[in-house]
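Everything below concerns the one structure shown next.
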Amino acid sequence: MNCNETMLERILSFAREDERIRVVTLEGSRTNRNVPRDEFQDYDVTFLVTKMEPFINDEGWLDRFGTIVMMQKPEAMELFPAVVPGYSFLMILDDYTKVDLTLRKVDELDVYLKEDKLVQVLLDKDGRIKDNIIPTDEDYHITKPTARSFDDCCNEFWFVSTYVVKGLCRREILFAIDHLNNVLRPELLRMISWKVGTEKGFTFSLGKNYKYLDKHIPKALWERLLSTYNMASYEDMWRALTTCQDLFRDVSKEVAEYFRYEYPDYDRVISSYTNLHLTKKPRTVDS
């Protein structure tokens with residue numbers, strides 16, 4: 001693994017030599033002082049250039065950063081198209097260093113700098129950036145829920161619970177797993193993050209995909225949450241669903257009490273629906 005100084009100097013050395021590159025920035029976890037350093041952190045770099053096409057049409061310049069063993073170019077993909085502006089080269093080098101290098105036009109600099117505050121300027125050849133930019137993860141801090149967003153979270157969780165029940169009763173476990181993982185679980189995690197905020201403040205981030213959540217909640221709550229990831233059978237899935245519902249109810253009532261929001265009555269209705277079908281023999285045909 002390349003050390004931080006070696007890889008960044010390699011990137012900057014190339015940028016200094018190429019007149020088409022006017023600004024270089026570093027983004028992501030390597031700019032965040034709240035994130036522990038380790039060997040798995042990517043180098044998220046952006047080159048703001050006068051013209052993008054020459055870099056795209058001839059990729060030989062990428063060899064300056066090391067031997068590439070695998071690469072993705074989202075803008076050139078059909079199945080996984082890019083969702084951000086610019087053109088990116090996501091590279092894995094032969095020492096397993098990962099460099100995500102994005103090209104943006106330099107005349108988009110002002111717009112680019114407003115997109116994310118977790119940015120460190122490494123090179124500014126023309127002095128285009130007048131303000132002193134200090135990387136901050138404040139855009140990723142836990143946010144206080146409004147009464148509307150609190151109810152929306154509850155509504156989505158309990159409404160889609162019926163889809164999980166339907167999938168289990170129909171013996172369509174992949175359908176049930178998909179709705180639990182991709183709809184219910186994000187709302188449960190959102191609600192738990194609000195609970196953390198009420199206890200520790202809304203001044204920090206729980207990380208991408210809530211990866212630091214275990215450091216901020218009681219062990220018992222963490223273990224109950226982890227137990228819901230066991231979904232290898234229908235019995236496990238029923239248990240995961242009811243545990244998610246119990247967790248959501250417990251946590252959301254705490255959040256509602258803290259903010260003096262109304263906790264929705266449809267919890268009772270959907271819980272009854274879940275328990276009713278839990279006691280029945282699962283059907284095998286569509287209704």
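Each chain of the structure tokens is named A, B, ... in the order shown, its residues numbered from 1; ligands are numbered from 1 in display order.
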
Query raised in the report: Which neighbours of stretch 209-222 of chain A fall inside 8 Å, counting only C-alpha atoms, when residues of the same chain fewer than 2 positions from it are skipped, and could you give them as a PyMOL selection string?
Result: chain A and resi 189+193+196+206-207+224-226

Hey, can you spit out that residue selection with N, CA and C atoms as a JSON list (two decimals), in the first residue's frame?
[["chain", "number", "residue", "atom", "x", "y", "z"],
["A", 189, "LEU", "N", -32.97, 2.54, 10.66],
["A", 189, "LEU", "CA", -31.67, 3.15, 10.94],
["A", 189, "LEU", "C", -31.77, 4.67, 11.03],
["A", 193, "SER", "N", -30.83, 6.84, 14.30],
["A", 193, "SER", "CA", -29.90, 7.98, 14.23],
["A", 193, "SER", "C", -30.51, 9.21, 14.90],
["A", 196, "VAL", "N", -30.02, 8.81, 18.55],
["A", 196, "VAL", "CA", -28.65, 9.17, 18.90],
["A", 196, "VAL", "C", -28.53, 10.69, 19.00],
["A", 206, "LEU", "N", -22.71, 9.86, 11.62],
["A", 206, "LEU", "CA", -22.62, 8.43, 11.93],
["A", 206, "LEU", "C", -21.92, 7.67, 10.80],
["A", 207, "GLY", "N", -21.45, 8.40, 9.80],
["A", 207, "GLY", "CA", -20.71, 7.78, 8.70],
["A", 207, "GLY", "C", -21.62, 7.21, 7.62],
["A", 224, "ARG", "N", -29.74, -6.41, 19.22],
["A", 224, "ARG", "CA", -31.08, -6.63, 18.67],
["A", 224, "ARG", "C", -31.12, -6.25, 17.20],
["A", 225, "LEU", "N", -30.48, -5.14, 16.86],
["A", 225, "LEU", "CA", -30.43, -4.72, 15.46],
["A", 225, "LEU", "C", -29.70, -5.74, 14.60],
["A", 226, "LEU", "N", -28.55, -6.21, 15.06],
["A", 226, "LEU", "CA", -27.78, -7.19, 14.29],
["A", 226, "LEU", "C", -28.55, -8.48, 14.08]]

Show me, as JSON lines, the residues of stretch 121-167 of chain A having an atom within 10 Å of stretch 44-47 of chain A, each with the closest atom pair and its distance in Å, using only C-alpha atoms.
{"residue": "A:Val121", "atom": "CA", "partner": "A:Thr46", "partner_atom": "CA", "distance": 9.6}
{"residue": "A:Leu122", "atom": "CA", "partner": "A:Val45", "partner_atom": "CA", "distance": 9.4}
{"residue": "A:Leu123", "atom": "CA", "partner": "A:Phe47", "partner_atom": "CA", "distance": 9.4}

Kindly save the residues from that selection, with C-alpha atoms included, as an mmCIF file, in the first residue's frame.
data_model
loop_
_atom_site.group_PDB
_atom_site.id
_atom_site.type_symbol
_atom_site.label_atom_id
_atom_site.label_comp_id
_atom_site.auth_asym_id
_atom_site.auth_seq_id
_atom_site.Cartn_x
_atom_site.Cartn_y
_atom_site.Cartn_z
ATOM 1 C CA VAL A 121 -7.553 22.038 -2.191
ATOM 2 C CA LEU A 122 -4.184 20.522 -3.119
ATOM 3 C CA LEU A 123 -3.285 22.725 -6.071
#

Report task. Check stretch 61-128 of chain A with DSSP on the backbone and list each residue it calls helix (DSSP H, G or I), as a list in words. Result -> Trp61, Leu62, Asp63, Arg64, Phe65, Pro74, Glu75, Ala76, Val106, Asp107, Glu108, Leu109, Asp110, Val111, Tyr112, Leu113, Lys114 and Glu115 of chain A

Dump N, CA and C atoms for the selected residues as a PDB file, in the first residue's frame?
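Saved as out.pdb:
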ATOM      1  N   TRP A  61      -2.085   8.420 -19.792  1.00  0.00           N
ATOM      2  CA  TRP A  61      -1.613   9.244 -18.678  1.00  0.00           C
ATOM      3  C   TRP A  61      -1.905   8.619 -17.317  1.00  0.00           C
ATOM      4  N   LEU A  62      -2.889   7.726 -17.273  1.00  0.00           N
ATOM      5  CA  LEU A  62      -3.249   7.102 -15.997  1.00  0.00           C
ATOM      6  C   LEU A  62      -2.136   6.199 -15.461  1.00  0.00           C
ATOM      7  N   ASP A  63      -1.257   5.758 -16.349  1.00  0.00           N
ATOM      8  CA  ASP A  63      -0.151   4.888 -15.915  1.00  0.00           C
ATOM      9  C   ASP A  63       0.804   5.603 -14.959  1.00  0.00           C
ATOM     10  N   ARG A  64       0.750   6.909 -14.933  1.00  0.00           N
ATOM     11  CA  ARG A  64       1.642   7.659 -14.037  1.00  0.00           C
ATOM     12  C   ARG A  64       1.357   7.377 -12.562  1.00  0.00           C
ATOM     13  N   PHE A  65       0.173   6.874 -12.277  1.00  0.00           N
ATOM     14  CA  PHE A  65      -0.212   6.662 -10.883  1.00  0.00           C
ATOM     15  C   PHE A  65       0.075   5.250 -10.387  1.00  0.00           C
ATOM     16  N   PRO A  74     -17.644   4.932 -14.832  1.00  0.00           N
ATOM     17  CA  PRO A  74     -19.112   4.991 -14.750  1.00  0.00           C
ATOM     18  C   PRO A  74     -19.776   5.659 -15.938  1.00  0.00           C
ATOM     19  N   GLU A  75     -19.160   6.710 -16.468  1.00  0.00           N
ATOM     20  CA  GLU A  75     -19.768   7.422 -17.597  1.00  0.00           C
ATOM     21  C   GLU A  75     -19.784   6.581 -18.866  1.00  0.00           C
ATOM     22  N   ALA A  76     -19.008   5.512 -18.896  1.00  0.00           N
ATOM     23  CA  ALA A  76     -18.973   4.650 -20.069  1.00  0.00           C
ATOM     24  C   ALA A  76     -19.769   3.362 -19.854  1.00  0.00           C
ATOM     25  N   VAL A 106     -12.832  23.253 -15.528  1.00  0.00           N
ATOM     26  CA  VAL A 106     -12.429  24.256 -14.557  1.00  0.00           C
ATOM     27  C   VAL A 106     -13.419  25.411 -14.474  1.00  0.00           C
ATOM     28  N   ASP A 107     -14.189  25.644 -15.545  1.00  0.00           N
ATOM     29  CA  ASP A 107     -15.185  26.716 -15.467  1.00  0.00           C
ATOM     30  C   ASP A 107     -16.394  26.319 -14.627  1.00  0.00           C
ATOM     31  N   GLU A 108     -16.421  25.053 -14.122  1.00  0.00           N
ATOM     32  CA  GLU A 108     -17.462  24.594 -13.210  1.00  0.00           C
ATOM     33  C   GLU A 108     -16.989  24.661 -11.758  1.00  0.00           C
ATOM     34  N   LEU A 109     -15.847  25.309 -11.525  1.00  0.00           N
ATOM     35  CA  LEU A 109     -15.234  25.299 -10.198  1.00  0.00           C
ATOM     36  C   LEU A 109     -16.175  25.798  -9.108  1.00  0.00           C
ATOM     37  N   ASP A 110     -16.844  26.921  -9.343  1.00  0.00           N
ATOM     38  CA  ASP A 110     -17.718  27.480  -8.315  1.00  0.00           C
ATOM     39  C   ASP A 110     -18.855  26.523  -7.965  1.00  0.00           C
ATOM     40  N   VAL A 111     -19.429  25.910  -8.983  1.00  0.00           N
ATOM     41  CA  VAL A 111     -20.503  24.937  -8.750  1.00  0.00           C
ATOM     42  C   VAL A 111     -19.967  23.721  -8.008  1.00  0.00           C
ATOM     43  N   TYR A 112     -18.813  23.247  -8.429  1.00  0.00           N
ATOM     44  CA  TYR A 112     -18.194  22.069  -7.809  1.00  0.00           C
ATOM     45  C   TYR A 112     -17.937  22.299  -6.318  1.00  0.00           C
ATOM     46  N   LEU A 113     -17.422  23.449  -5.964  1.00  0.00           N
ATOM     47  CA  LEU A 113     -17.080  23.719  -4.572  1.00  0.00           C
ATOM     48  C   LEU A 113     -18.308  23.818  -3.667  1.00  0.00           C
ATOM     49  N   LYS A 114     -19.474  24.021  -4.254  1.00  0.00           N
ATOM     50  CA  LYS A 114     -20.707  24.092  -3.472  1.00  0.00           C
ATOM     51  C   LYS A 114     -21.359  22.722  -3.291  1.00  0.00           C
ATOM     52  N   GLU A 115     -20.872  21.722  -4.012  1.00  0.00           N
ATOM     53  CA  GLU A 115     -21.512  20.407  -3.979  1.00  0.00           C
ATOM     54  C   GLU A 115     -21.191  19.614  -2.724  1.00  0.00           C
TER      55      GLU A 115
END

Find the spatial neighbours of A:Pro186, counting only C-alpha atoms, within a cut-off of 10 Å - ignore same-chain residues fewer than 4 positions away - and output them as a short mmCIF file (atom, residue, chain, number, x, y, z; two decimals) with N, CA and C atoms, in the first residue's frame.
data_model
loop_
_atom_site.label_atom_id
_atom_site.label_comp_id
_atom_site.auth_asym_id
_atom_site.auth_seq_id
_atom_site.Cartn_x
_atom_site.Cartn_y
_atom_site.Cartn_z
N CYS A 153 -41.28 8.98 8.04
CA CYS A 153 -40.46 7.83 8.35
C CYS A 153 -41.32 6.71 8.93
N PHE A 157 -42.22 3.04 7.05
CA PHE A 157 -41.86 1.78 7.72
C PHE A 157 -43.07 0.88 7.90
N LEU A 180 -37.68 -5.65 3.21
CA LEU A 180 -37.18 -5.42 4.57
C LEU A 180 -35.84 -4.69 4.53
N ASN A 181 -34.95 -5.16 3.67
CA ASN A 181 -33.60 -4.57 3.62
C ASN A 181 -33.57 -3.19 2.99
N ASN A 182 -34.35 -2.99 1.94
CA ASN A 182 -34.21 -1.76 1.16
C ASN A 182 -35.22 -0.68 1.51
N ARG A 190 -32.62 5.25 10.21
CA ARG A 190 -32.84 6.70 10.28
C ARG A 190 -33.41 7.08 11.65
N MET A 191 -34.39 6.28 12.11
CA MET A 191 -35.01 6.58 13.39
C MET A 191 -34.01 6.41 14.53
N ILE A 192 -33.17 5.38 14.45
CA ILE A 192 -32.16 5.18 15.50
C ILE A 192 -31.16 6.34 15.48
N ASN A 209 -23.60 4.80 5.43
CA ASN A 209 -24.30 3.57 5.79
C ASN A 209 -24.35 3.34 7.30
N TYR A 210 -24.28 4.43 8.06
CA TYR A 210 -24.36 4.36 9.53
C TYR A 210 -23.26 3.48 10.12
#

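Among the candidates A:Pro264, A:Gly86, A:Pro135, A:Gly201, the one nearest to A:Asn32 when counting only C-alpha atoms is A:Pro135.
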
Give me the residues within 12 Å of A:Glu53 as a short mmCIF file (atom, residue, chain, number, x, y, z; two decimals) with C-alpha atoms, in the first residue's frame, counting only C-alpha atoms and dropping any in the same chain fewer than 2 places off.
data_model
loop_
_atom_site.label_atom_id
_atom_site.label_comp_id
_atom_site.auth_asym_id
_atom_site.auth_seq_id
_atom_site.Cartn_x
_atom_site.Cartn_y
_atom_site.Cartn_z
CA ARG A 20 -4.49 21.44 -18.86
CA VAL A 49 -9.20 20.90 -16.36
CA THR A 50 -9.48 23.19 -19.37
CA LYS A 51 -10.63 20.33 -21.61
CA PHE A 55 -7.87 12.88 -21.08
CA ILE A 56 -10.85 10.67 -21.94
CA ASN A 57 -9.76 9.76 -25.46
CA ASP A 58 -6.20 8.76 -24.49
CA GLU A 59 -5.91 6.99 -21.13
CA GLY A 86 -17.76 14.91 -14.80
CA TYR A 87 -15.89 11.84 -15.99
CA LEU A 103 -12.34 15.13 -14.29
CA ARG A 104 -14.40 18.34 -14.17
CA LYS A 105 -14.19 21.42 -16.34
#

Requested in this report: Please run DSSP on the backbone and report, as a PyMOL selection string, all residues within stretch 10-176 of chain A that come out as strand (DSSP E).
Outcome: chain A and resi 21-27+43-49+68-72+87-93+98-105+119-124

Query - Best match for closeness to A:Leu247 among A:Glu235, A:Leu184, A:Glu199, A:Lys130, counting only C-alpha atoms - result: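 Looking only at the distances to A:Leu247, the closest residue turns out to be A:Leu184.
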
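Distance-wise, atom CA of A:Asp250 and atom CA of A:Asp267 end up 11.3 Å apart.
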
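Across the model, the gap from atom CA of A:Thr242 to atom CA of A:Cys169 is 14.3 Å.
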
Requested in this report: Determine the nearest neighbour of A:Ser161 from the options A:Ile142, A:Ile92, A:Val69, A:Ile270, counting only C-alpha atoms.
Outcome: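 Nearest to A:Ser161: A:Ile270.
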